[in-house]
Every structure is written in C-alpha cells, then in structure tokens.
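**Student:** Here it is: the structure, laid out below.
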Amino acid sequence: MSDPNDPMAEIRASFFIECEELLEAAQDGLQTMQDGAADDETINQVFRAVHSIKGGAGAFGLEELVSFAHQYETALDDVRSGKFTPNEDAMLLFLGCCDLLADLVDSARDGTDMDAARVESLLTQLRDVVGIEEEEEVSADEFEVTGISFDLDLPDLPDADAEPAPTPVYDILFAPNDDLYGLGNEPLFLIRALAALGELELQCDYSAIPDIEQFIPGTAYMSWSLTLETDAPEADIHEVFEFVDGLGKIEIREQGAPPSDPTETTEADEIAQNPNPPAEAELQAPASAGSDPAPDQTGTEPSSEEAVPPAQAALTKKPQKSNGDGGKGAPATVRVDLERIDRLVNLVGELVINQAMLSQSVTEADLPPNSAVAHGLEEFMQLTRDIQDSVMMIRAQPVKSLFQRMSRIIREASGAVGKTVRLRTEGEATEVDKTVIERLADPLTHMIRNAVDHGLESTDARVAAGKPPEGIVSLTAAHRSGRVVIEVSDDGGGINRPKVFDIAVSKGLIPADAQLTDSEIDNLLFLPGFSTATEVSNLSGRGVGMDVVRSAIQALGGRIVIQSEPGTGTTFSISLPLTLAVLDGMVVQVAGETLVVPLNAIIETLTLAAEDIRALGPETNVVQIRGQFVPLLDLGAELGFREPLESYVGGIVLLIAHENGDRAALVVDSIHDQRQVVIKGLQDSYGHVPGVAAATILGDGQIALILDPVDITAHASGRTNQAAPALSNAG
Amino acid sequence: MTEQPTQPDQSDRELLSFRVGEQEYSVDIMSVREIRGWSKATPLPRAPGYVRGVINLRGTVLPIIDLAGRLGLPKGEDSARDVIIVVCVSDQTVGLLVNAVSDILTLPLTEMQQPPEMAADDAQTFISALTIYENRMIRVLDLESVLPAKDGLAA
C-alpha cells in the first residue's frame with residue numbers, strides 16, 4: 001500500500017495539499033492560543049487538523065508521520081479535555097511540534113529522511129511537559145484498517161467475562177447526512193465495527209426513500225436505529241463514530257440512562273432520513289475500486305478527491321466543523337491547476353488588447369457618438385474590465401500563508417540568537433497576486449531574520465533601555481492606493497547610523513568625507529556587499545543581504561523604503577503592484593513615441609506657464625507648483641529620444657509622486673487618453689531597461705513602453721548629482 | 001563548387017542565406033522561427049545603437065537587432081523591402097533585421113571552412129564558418145555571439 005502506483009500518486013498529491021491546509025489551520029489555532037484569544041473551538045480545530053493528518057498519513061502507510069502525529073494529538077487531546085493547561089513554554093513546544101509535523105509532511109512527500117533525534121527530542125519534551133504516558137508505538141498498519149476491521153483486530157474483551165454484571169445495552173441512532181457519503185465514508189463499515197463490539201441489532205429506517213424519479217444519488221435517505229449490547233466502554237462506541245463526527249446525527253444512549261447528554265449529540269444542520277445503501281455503494285465503488293486506499297477516516301479528504309475524475313479541478317468540501325476562524329462556514333472551494341489560470345489570464349490580456357484595437361477602429365470609422373456600435377463597445381469595455389478584475393481575483397491570495405511561514409522563521413531565528421521575540425501580524429487577509437506571494441517569501445525571510453538578528457537588541461540591552469524584554473517584530477500588509485504595502489518593523493534600537501557609515505567607508509563604498517543625510521545612510525544598507533555583522537552569524541549577514549532583497553522586490557515591480565528611529569526601531573516598507581498583469585495607465589506622446597505612464601504614480605497634469613519655470617544651474621529646471629519646487633525632467637531627453645528643448649513654456653507636465661513623498665515633473669508632448677494596458681514583460685526577451693517597467697501592446701498593434709517614473713527620476717538625479725552615484729543606486 | 005552526390009542527412013547543413021548590405025550571410029535553418037516583413041519598431045531608451053527596439057510578434061515583445069549595425073557594416077537606408085528573420089537561440093527569441101532573404105541552401109559539412117584568423121574585423125568574430133556556393137562566399141553566422149546575453153543586451 002505504501003508503494004504508490006499511478007492512481008495512488010494523485011491521491012497522495014491531494015493528501016499533501018490537504019496537509020498544507022490542515023497545517024495552516026493548526027498553526028493558526030496555536031497562534032490564537034498563544035495570543036490568549038483562544039476559545040474552546042480553537043483547540044478542537046488544532047486537534048482535528050492533526051488528527052486528519054494522522055488519519056490520512058495512516059492511509060498511505062507513512063509510519064513516521066503517523067506515530068508523531070499520534071503522540072502530538074494525544075497531548076493536544078489532554079489540552080482539549082482540560083487535563084492540561086498549556087503555559088507559554090508549552091505553547092512554544094506545541095508550535096515547535098507543529099513545525100516538525102510540517103517537516104515530517106514535507107519529508108514524507110519528498111521521500112527524504114527525517115532527523116529521528118529531533119523527532120525524539122520533541123516527543124520527549126512533549127511527554128515531560130504534558131505528562132502523557134508513553135504509549136505503544138502506533139503503527140500505520142493499524143490505521144489503515146480502522147473502521148473496516150475492528151472485527152479482526154480487537155481483542156475479544158476477555159476481561160468482560162470476569163464481571164457477571166448485566167451487559168449494558170446502548171441505543172444508537174445514526175442518521176448520516178449527505179456529506180458523510182460525499183467524503184467517502186460507508187455506514188456499513190461503521191455498523192460492522194459496532195457489531196464487533198458486541199451483540200448488535202439494527203433497524204433501518206428507509207421510509208424517506210423517494211420514488212425512483214425523485215431519487216437523487218448521493219443523498220442520504222436512510223437512518224439506522226441500533227441496539228448494541230456490549231461490555232466495551234461507551235468511549236469505544238464513540239470511537240467508531242469518531243471519523244464521521246459532524247457528518248450526521250449520532251445519538252448514543254445507554255438504556256436506562258437519562259436522555260442523551262447534549263454534548264454527545266452532533267446535530268447536523270440537515271438530517272436526511274433515509275440513505276440508500278445499494279445506491280451509495282455503487283456510487284462509492286468506482287471511486288475506491290482498484291487501489292482501494294483505506295476508507296477515509298479523516299473526516300476530511302482525501303476520498304472526496306478520489307471520487308472526482310482525475311481532472312485537476314477537485315471540489316473541496318470541508319466538513320462543517322473543521323473550518324478555521326471560530327466556526328464561520330467554510331466557503332466551497334475549487335482547486336484548479338495554476339497553469340489553467342495563467343492561460344485564462346493571458347487570454348484576458350489578449351481580450352483587452354483586442355478590445356483596444358476594436359475601439360480604435362470604431363473611432364477611426366468616424367461613427368456618430370450615439371450609434372449602436374459605440375454603445376455596444378462601451379458595454380463591451382465594461383464587461384472586459386469586469387472579467388479582468390474577476391480573473392485577477394482568482395490569482396489573488398491572502399498573504400496569511402506567507403505570514404505564517406514567517407512566524408516559524410521568527411521562532412527559529414529567535415531561538416538561534418537567544419532572544420525572545422513575538423511576531424505581531426496585521427492585515428493577513430490582504431490579497432496579493434499568487435506569484436508575488438511566492439516570490440516575496442525569500443526576501444521577507446531575510447528581512448525577518450535581519451530584524452531578529454540585527455534589528456532587536458539583546459534581552460539585557462532591552463531591559464537596560466527600559467523596554468519590555470520581549471522583542472516585537474510586526475508584519476503588516478495593507479492595500480494603499482492601488483498597491484500593496486507590506487511592512488516589516490521591529491521595536492529594536494534602530495539603525496546605528498555612525499556604524500553603518502563607518503562600515504561603508506571601510507568597505508570603500510563611499511568616500512570618508514561624504515556628507516550624507518540620515519536616509520542616505522540608511523539606504524547604504526542596500527548596497528551590494530554591505531553587511532553590518534562583524535561576525536558572520538549563522539542567521540544573517542553573509543554579505544548578500546539587503547541588496548538581494550531589494551533586487552528581488554524590484555523584479556516584482558516593487559520598491560523598498562527604510563525608516564528608522566534610534567531607540568525605537570526600524571521599519572522596512574515594501575510597496576508592490578497588486579497584479580503583474582494589467583495596469584491603469586496614461587498614454588502620452590513624447591518625441592513621436594507613444595509611452596504609458598502608470599496612473600497611480602501621477603498626481604496631476606498641468607500646462608506650464610513661463611512664471612512656473614525656474615532655472616537651477618545650467619541644465620536643470622525646477623517647477624514651482626503651489627509653493628513647492630519640483631525638479632523638471634524632459635521625458636524625451638531622459639529617455640534619449642531627443643535633445644532637451646530650449647523652452648518648456650506651454651509644455652504639458654505630469655506631476656509624479658514617489659512613495660517617500662518626493663515629487664518630479666515630467667514633460668511630455670501630449671496626453672492621449674487613460675486606459676488599461678496589459679503588461680508584457682521586457683525582462684524575458686530583452687532584459688531590464690532603465691526607466692522602463694515593461695511594455696504593452698496598443699490598439700494599433702504597436703508596442704508602447706510602460707515607464708517607471710520613479711526609476712526615471714532616480715536616474716535623472718544621478719545626472720544632476722554626479723557626486724554620489726552610489727546613492728542614486730541605493731535610493 | 002560543383003555538385004556533390006547526395007550525402008546522408010547528418011553531414012548536410014541547411015542554411016538560410018540573406019543579404020546584409022553587400023554581403024551574404026546565413027544562419028542554420030533550424031534556428032529560424034519565421035520571416036516577416038519590416039514593421040516599425042518601438043525604440044528602447046538607452047539601448048545600444050544596433051538594437052532597433054521591440055515589435056509586437058503576436059502578443060509577445062520581440063527585440064529587433066539591426067544586423068548591419070551589429071556587424072559593423074555600413075547601414076543602408078531603411079526600406080520597405082527589409083525583412084525580419086525571427087531566430088531562436090538558447091531560449092532567447094530575437095528578430096534580425098536584414099536587407100533581403102536570398103535562398104535556402106543545403107551544403108555538406110565537409111565544405112564548411114573555418115574563417116581565417118584575422119582579428120581586425122568586427123564582423124569576423126560573429127562568423128563560425130565560411131563556404132562557397134555558386135561562386136558566392138556565404139558566411140555562417142554564429143548566432144550565440146550575435147545575440148549577447150540578456151544582461152549584455154540591456155547594458
């Protein structure tokens with residue numbers, strides 16, 4: 001069974017995807033508990049996630065994973081039942097176990113070996129802290145057969161004969177709902193398992209089965225009343241139903257005992273009366289035939305995947321109870337191959353270009369403005385935009401998974417340098433393009449490590465500075481004016497500017513007599529080869545630091561800015577485009593070339609009057625706009641399309657703003673219109689062009705360049721500020 | 001050179017020959033993706049002179065290299081009869097701007113000669129082999145060197 005043949009490989013793959021989600025849920029819950037915001041449901045959620053992983057792993061014979069998950073689960077169960085109340089250390093241990101569980105899942109997926117000593121040491125700690133008894137090793141084989149083969153494995157309860165007391169009789173009502181079947185459970189197995197416990201009588205209520213015309217396959221029409229005479233403790237009966245918990249109405253009552261304990265009854269929101277086993281059995285048969293993995297005992301996947309034809313799209317239905325945030329209903333989700341979405345995104349891109357071409361032809365045809373064609377086109381444009389927004393939303397994902405990974409980095413990093421650090425996150429639900437999230441992981445990891453290693457002071461220094469000993473690294477995400485801003489900040493000592501300056505001088509990055517502002521010194525951190533760590537720690541500081549982070553961010557069309565306050569901390573802000581596919585731009589004409597300027601960079605457009613322009617030195621001009629002097633840049637000259645003009649009076653300028661508040665005025669010849677353009681990368685075919693972010697295709701089929709106004713002004717300042725070329729790179 | 005008896009495929013080389021200025025060059029036909037007429041390219045700022053810009057090739061951005069400029073040959077007037085040869089070399093697709101496409105030649109490998117060692121000429125470093133066909137000297141371009149690395153192209 002552990003040998004995955006082809007059909008199994010797919011189920012395995014979906015199990016591992018499932019594991020990722022479950023681990024996320026578990027970590028989420030643990031985090032909530034650590035923050036002290038947990039309720040009863042939180043620990044249940046963690047428990048269920050670990051339990052589901054264990055169950056799934058059992059089905060695949062992943063013994064290492066099963067045995068660890070089992071002990072972890074046992075510890076969690078003690079917390080759940082209130083036998084053990086975790087303190088701060090125990091929470092850290094639980095989180096560490098969760099990390100290990102994630103590693104075990106990874107190693108099971110990749111077929112690599114885990115460090116057994118690490119597993120053992122965590123388990124030992126777990127036993128010590130929680131005080132659970134070391135159990136017999138739980139083998140995966142046992143798990144494979146749970147549910148089906150209690151009748152084979154369970155001992156015949158020999159000690160039951162010792163007591164002559166009357167055997168207790170239990171009345172069990174079992175009314176599964178549709179999800180029970182949807183998740184690949186089979187009542188027959190449950191009933192067999194019950195029969196293995198003792199004398200079982202059962203009564204099937206099939207009165208709800210409709211006529212064949214109305215019969216809906218997959219609907220639970222039947223329920224069972226069972227009478228079980230057994231010496232086994234009531235817990236054993238519950239255990240039989242453990243995997244279908246929440247998937248129907250299950251009432252277990254000892255005869256003569258008071259009416260059922262409300263906690264034992266799981267009220268499903270919809271109780272179907274009469275399932276139909278033959279029909280169900282047939283529905284299940286093709287799904288689990290062939291490789292026949294153990295029936296899904298996990299309560300969640302992977303069987304529902306299995307029931308779907310081997311297309312990538314698999315409907316994921318979560319059981320009502322196991323969803324995360326405090327019992328909100330889990331929305332139904334569809335798992336789709338990323339390639340398909342990318343294809344769709346590309347097609348929508350083509351659609352936008354086609355629409356632009358069409359509207360250009362309509363304009364050229366010189367039709368009356370109220371013609372049906374013009375109206376139709378307008379609606380078409382609206383639709384295109386809606387489609388595009390929806391497609392982009394498919395690619396968008398909350399940054400939560402990324403932030404969760406960072407909380408692990410914090411734990412490991414703080415452990416490595418012996419500081420107590422807490423991660424505070426905000427805006428986890430902020431959605432960003434999937435590619436952006438994936439490509440942010442490395443730079444963010446680096447920045448978080450930096451924050452822990454260099455940003456925060458040692459615990460002693462913190463106490464001495466009158467700060468709480470626990471350092472705080474916060475990670476926030478927010479949408480701000482059409483971009484996503486992610487901030488990594490620490491409440492450490494801030495950037496040690498004299499030290500940074502000295503290092504830059506000693507590394508020959510700047511002349512020793514350079515006069516630099518605070519923000520220029522901060523930006524020295526981004527220079528290649530700069531590293532403030534005097535000793536290379538194993539955490540950060542290999543000399544490939546922030547410059548790599550910055551180029552990774554720039555490759556995503558983003559920018560990174562540092563703010564640092566001595567004594568109170570440092571904040572790195574990353575500003576990223578929402579999507580890598582489409583952008584709202586202003587189409588302008590410069591020196592006969594059509595260019596696109598991203599709309600979000602433009603504050604306003606104006607026509608220059610003679611009194612607005614002031615010369616500053618031989619070649620530089622500034623514009624006076626509402627009392628502020630802004631550098632005037634001739635776009636044509638900056639891009640090398642023409643010589644600078646003699647006079648800019650009457651010229652049209654675009655006022656551009658940087659994230660850091662700096663402004664610049666770009667001279668253009670004319671403004672055409674505002675439109676959405678599809679971003680076509682230049683990097684792949686040509687490489688990076690300074691001042692140009694990307695290219696796009698216009699309605700007439702011509703390529704227009706999309707400018708990066710910030711890059712243009714940065715290069716321009718290099719021309720006017722020859723003294724410090726290194727800084728124009730840094731800024 | 002006179003006609004040789006037909007050789008097995010492996011020892012033949014199929015070349016697409018074209019005219020750049022007054023000279024005749026060729027590239028391995030397997031690297032040619034398509035041939036298209038001249039269309040106006042969008043210039044790239046701060047690009048080397050031989051990079052004409054980019055054109056739209058069915059939705060992708062295709063950089064255009066002016067082969068005459070790249071080889072250091074005198075640049076003739078642009079004409080509507082200029083042709084873009086779209087070539088693909090080591091995962092990079094670019095268009096080569098040439099004056100005219102002349103022929104498809106099948107030549108035995110044995111007739112390929114190493115170019116003589118003459119360091120002075122710019123164009124020479126881009127030539128991987130020489131051959132004679134119907135009394136014309138055909139220069140076989142080394143596309144790898146004509147297409148610099150992406151970073152170099154951007155520089």
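Chain identifiers are assigned as A, B, and so on, following the order in which chains appear in the structure tokens; residues are numbered from 1 within each chain, and ligands are numbered from 1 in order of appearance.
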Do you have, as a tab-separated table, the list of residues of chain B lying at most 12 Å from chain A, each with its nearest atom pair and that distance in Å to one decimal, counting only C-alpha atoms and ordered by chain then number?
**Tutor:**
```
residue	atom	partner	partner_atom	distance
B:Ser39	CA	A:Gln702	CA	9.1
B:Lys40	CA	A:Gln702	CA	8.0
B:Ala41	CA	A:Ile703	CA	7.7
B:Thr42	CA	A:Ile703	CA	6.1
B:Pro43	CA	A:Glu593	CA	8.1
B:Leu44	CA	A:Val689	CA	7.6
B:Pro45	CA	A:Leu639	CA	4.9
B:Arg46	CA	A:Gly640	CA	6.4
B:Ala47	CA	A:Val689	CA	7.8
B:Pro48	CA	A:Val689	CA	11.2
B:Gly49	CA	A:Gly640	CA	11.7
B:Val51	CA	A:Tyr686	CA	10.0
B:Arg52	CA	A:Tyr686	CA	11.9
B:Gly53	CA	A:Ile703	CA	9.5
B:Val54	CA	A:Ile703	CA	7.0
B:Ile55	CA	A:Ile703	CA	6.0
B:Asn56	CA	A:Ile703	CA	5.9
B:Leu57	CA	A:Gly701	CA	9.2
B:Arg58	CA	A:Gly701	CA	8.8
B:Gly59	CA	A:Ile697	CA	7.3
B:Thr60	CA	A:Lys680	CA	7.1
B:Val61	CA	A:Leu682	CA	6.9
B:Leu62	CA	A:Ser685	CA	6.6
B:Pro63	CA	A:Tyr686	CA	6.4
B:Ile64	CA	A:Tyr686	CA	9.7
B:Ile65	CA	A:Tyr686	CA	10.9
B:Cys88	CA	A:Ser685	CA	10.8
B:Val89	CA	A:Ser685	CA	11.5
B:Ser90	CA	A:Ser685	CA	11.7
B:Asp91	CA	A:Ser685	CA	9.2
B:Gln92	CA	A:Ser685	CA	6.4
B:Thr93	CA	A:Ser685	CA	6.7
B:Val94	CA	A:Ser685	CA	7.5
B:Gly95	CA	A:Ser685	CA	10.7
B:Leu147	CA	A:Tyr686	CA	10.2
B:Pro148	CA	A:Tyr686	CA	10.0
B:Ala149	CA	A:Tyr686	CA	9.0
B:Lys150	CA	A:Gly687	CA	5.3
B:Asp151	CA	A:Gly687	CA	6.0
B:Gly152	CA	A:Gly687	CA	8.5
B:Leu153	CA	A:Tyr686	CA	6.5
B:Ala154	CA	A:Gly687	CA	5.3
B:Ala155	CA	A:Val689	CA	8.1
```
**Student:** Which residues come within 6 Å of B:Glu24, counting only C-alpha atoms, excluding same-chain residues fewer than 3 positions away, as a list of chain:residue names?
**Tutor:**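 Skipping anything fewer than 3 positions along the chain leaves B:Phe18, B:Arg19, B:Ile138.
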**Student:** So how far away is atom CA of A:Asp634 from atom CA of A:Ala665, in Å?
**Tutor:**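 Atom-to-atom, atom CA of A:Ala665 to atom CA of A:Asp634, that is 8.4 Å.
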**Student:** Return the single residue from A:Pro498, A:Gly56, A:Gly592, A:Pro644 that is closest to A:Leu524, with distances computed using only C-alpha atoms.
**Tutor:**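 Closest to A:Leu524 of all the choices is A:Pro498.
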**Student:** Provide the atom CA of A:Asp179 to atom CA of A:Glu24 distance in Å, to one decimal place.
**Tutor:**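 Computed distance, atom CA of A:Asp179 to atom CA of A:Glu24, equals 23.0 Å.
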**Student:** Which residues are close to A:Gly627, i.e. within 12 Å by only C-alpha atoms, leaving aside same-chain residues fewer than 4 positions away? Reply as a PyMOL selection string.
**Tutor:** chain A and resi 612+622-623
**Student:** From a DSSP calculation on the backbone, collect every residue of stretch 2-133 of chain B in strand (DSSP E or B) and output the set as an MDAnalysis selection string.
**Tutor:** chainID B and resid 12:20 23:28 32:37 42 51:57 60:66 83:89 92:98 100:108 113 127:133
**Student:** Considering only C-alpha atoms, return as JSON, numbers by chain whatever protein or nucleic-acid residues lie within 10 Å of B:Glu77, sequence-local ones (same chain, fewer than 5 positions apart) excluded.
**Tutor:** {"B": [21, 82, 99]}
**Student:** Calculated over only C-alpha atoms, which of the candidates B:Thr125, B:Thr106, B:Gln113, B:Ser17 has the smallest distance to B:Val32?
**Tutor:**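 Checking each candidate against B:Val32, we get B:Ser17 as the closest.
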**Student:** Measuring atom to atom with only C-alpha atoms, identify which of B:Leu16, B:Val86, B:Leu67, B:Leu130 is nearest to B:Val98.
**Tutor:**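 Looking only at the distances to B:Val98, the closest residue turns out to be B:Leu67.
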**Student:** Would you list the contacts of A:Glu565 as a list in words, taking every protein, DNA or RNA residue within 9 Å and counting only C-alpha atoms, but skipping same-chain residues closer than 5 positions in sequence?
**Tutor:**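 Close residues of A:Glu565: Gly493, Gly494, Ile495, Thr570 and Thr571 of chain A.
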**Student:** Expressed in Å to a single decimal, how great is the separation between atom CA of A:Ala464 and atom CA of A:Val500?
**Tutor:** 23.0 Å
**Student:** Fewer than 4 positions away in the same chain doesn't count, so skip those; otherwise give me all residues within 7 Å of stretch 597-600 of chain A, counting only C-alpha atoms, as a PyMOL selection string.
**Tutor:** chain A and resi 482+583-587+706-707
**Student:** Quick one: DSSP alpha helix (DSSP H) residues in stretch 3-101 of chain B, as a list in words?
**Tutor:**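 For stretch 3-101 of chain B, the alpha helix (DSSP H) set is Leu67, Ala68, Gly69, Arg70 and Leu71 of chain B.
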**Student:** Go ahead and write the selection's residues with C-alpha atoms as a tab-separated table (two decimals), in the first residue's frame.
**Tutor:**
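Okay, this is what ended up in out01.tsv:
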```tsv
chain	number	residue	atom	x	y	z
B	67	LEU	CA	22.38	43.04	-38.18
B	68	ALA	CA	24.25	45.59	-40.27
B	69	GLY	CA	24.79	47.72	-37.18
B	70	ARG	CA	25.72	44.71	-35.11
B	71	LEU	CA	28.28	43.50	-37.64
```
**Student:** With only C-alpha atoms as the counted atoms, please give the residues lying no more than 10 Å from A:Thr607, apart from itself and same-chain residues fewer than 4 positions off, as a PyMOL selection string.
**Tutor:** chain A and resi 612+648-654+667
**Student:** Keeping N, CA, C and O atoms for every residue in the selection just given, could you write it to a file as a PDB file, in the first residue's frame?
**Tutor:**
```pdb
ATOM      1  N   ASP A 612       6.153  79.659 -14.002  1.00  0.00           N
ATOM      2  CA  ASP A 612       6.278  78.453 -13.176  1.00  0.00           C
ATOM      3  C   ASP A 612       7.691  77.883 -13.211  1.00  0.00           C
ATOM      4  O   ASP A 612       8.099  77.145 -12.327  1.00  0.00           O
ATOM      5  N   TYR A 648      10.330  75.251 -22.139  1.00  0.00           N
ATOM      6  CA  TYR A 648       9.246  74.352 -21.800  1.00  0.00           C
ATOM      7  C   TYR A 648       7.946  75.100 -21.550  1.00  0.00           C
ATOM      8  O   TYR A 648       6.986  74.534 -21.050  1.00  0.00           O
ATOM      9  N   VAL A 649       7.931  76.374 -21.889  1.00  0.00           N
ATOM     10  CA  VAL A 649       6.714  77.150 -21.659  1.00  0.00           C
ATOM     11  C   VAL A 649       5.595  76.582 -22.534  1.00  0.00           C
ATOM     12  O   VAL A 649       5.790  76.312 -23.725  1.00  0.00           O
ATOM     13  N   GLY A 650       4.448  76.382 -21.943  1.00  0.00           N
ATOM     14  CA  GLY A 650       3.329  75.818 -22.689  1.00  0.00           C
ATOM     15  C   GLY A 650       3.357  74.313 -22.748  1.00  0.00           C
ATOM     16  O   GLY A 650       2.447  73.680 -23.265  1.00  0.00           O
ATOM     17  N   GLY A 651       4.427  73.711 -22.218  1.00  0.00           N
ATOM     18  CA  GLY A 651       4.529  72.253 -22.245  1.00  0.00           C
ATOM     19  C   GLY A 651       3.593  71.610 -21.226  1.00  0.00           C
ATOM     20  O   GLY A 651       3.143  72.231 -20.266  1.00  0.00           O
ATOM     21  N   ILE A 652       3.301  70.336 -21.481  1.00  0.00           N
ATOM     22  CA  ILE A 652       2.424  69.597 -20.566  1.00  0.00           C
ATOM     23  C   ILE A 652       3.306  68.767 -19.644  1.00  0.00           C
ATOM     24  O   ILE A 652       4.236  68.096 -20.104  1.00  0.00           O
ATOM     25  N   VAL A 653       3.030  68.844 -18.364  1.00  0.00           N
ATOM     26  CA  VAL A 653       3.827  68.032 -17.453  1.00  0.00           C
ATOM     27  C   VAL A 653       2.922  67.112 -16.642  1.00  0.00           C
ATOM     28  O   VAL A 653       1.764  67.415 -16.375  1.00  0.00           O
ATOM     29  N   LEU A 654       3.510  65.995 -16.300  1.00  0.00           N
ATOM     30  CA  LEU A 654       2.843  65.065 -15.383  1.00  0.00           C
ATOM     31  C   LEU A 654       3.558  65.194 -14.047  1.00  0.00           C
ATOM     32  O   LEU A 654       4.778  65.092 -13.989  1.00  0.00           O
ATOM     33  N   VAL A 667       8.025  66.267 -18.463  1.00  0.00           N
ATOM     34  CA  VAL A 667       7.475  66.969 -19.615  1.00  0.00           C
ATOM     35  C   VAL A 667       7.120  65.952 -20.700  1.00  0.00           C
ATOM     36  O   VAL A 667       7.942  65.111 -21.056  1.00  0.00           O
TER      37      VAL A 667
END
```
**Student:** Nearest residue to B:Phe126 out of B:Leu15, B:Val146, B:Leu107, B:Met112, using only C-alpha atoms?
**Tutor:**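 Closest to B:Phe126, using only C-alpha atoms: B:Val146.
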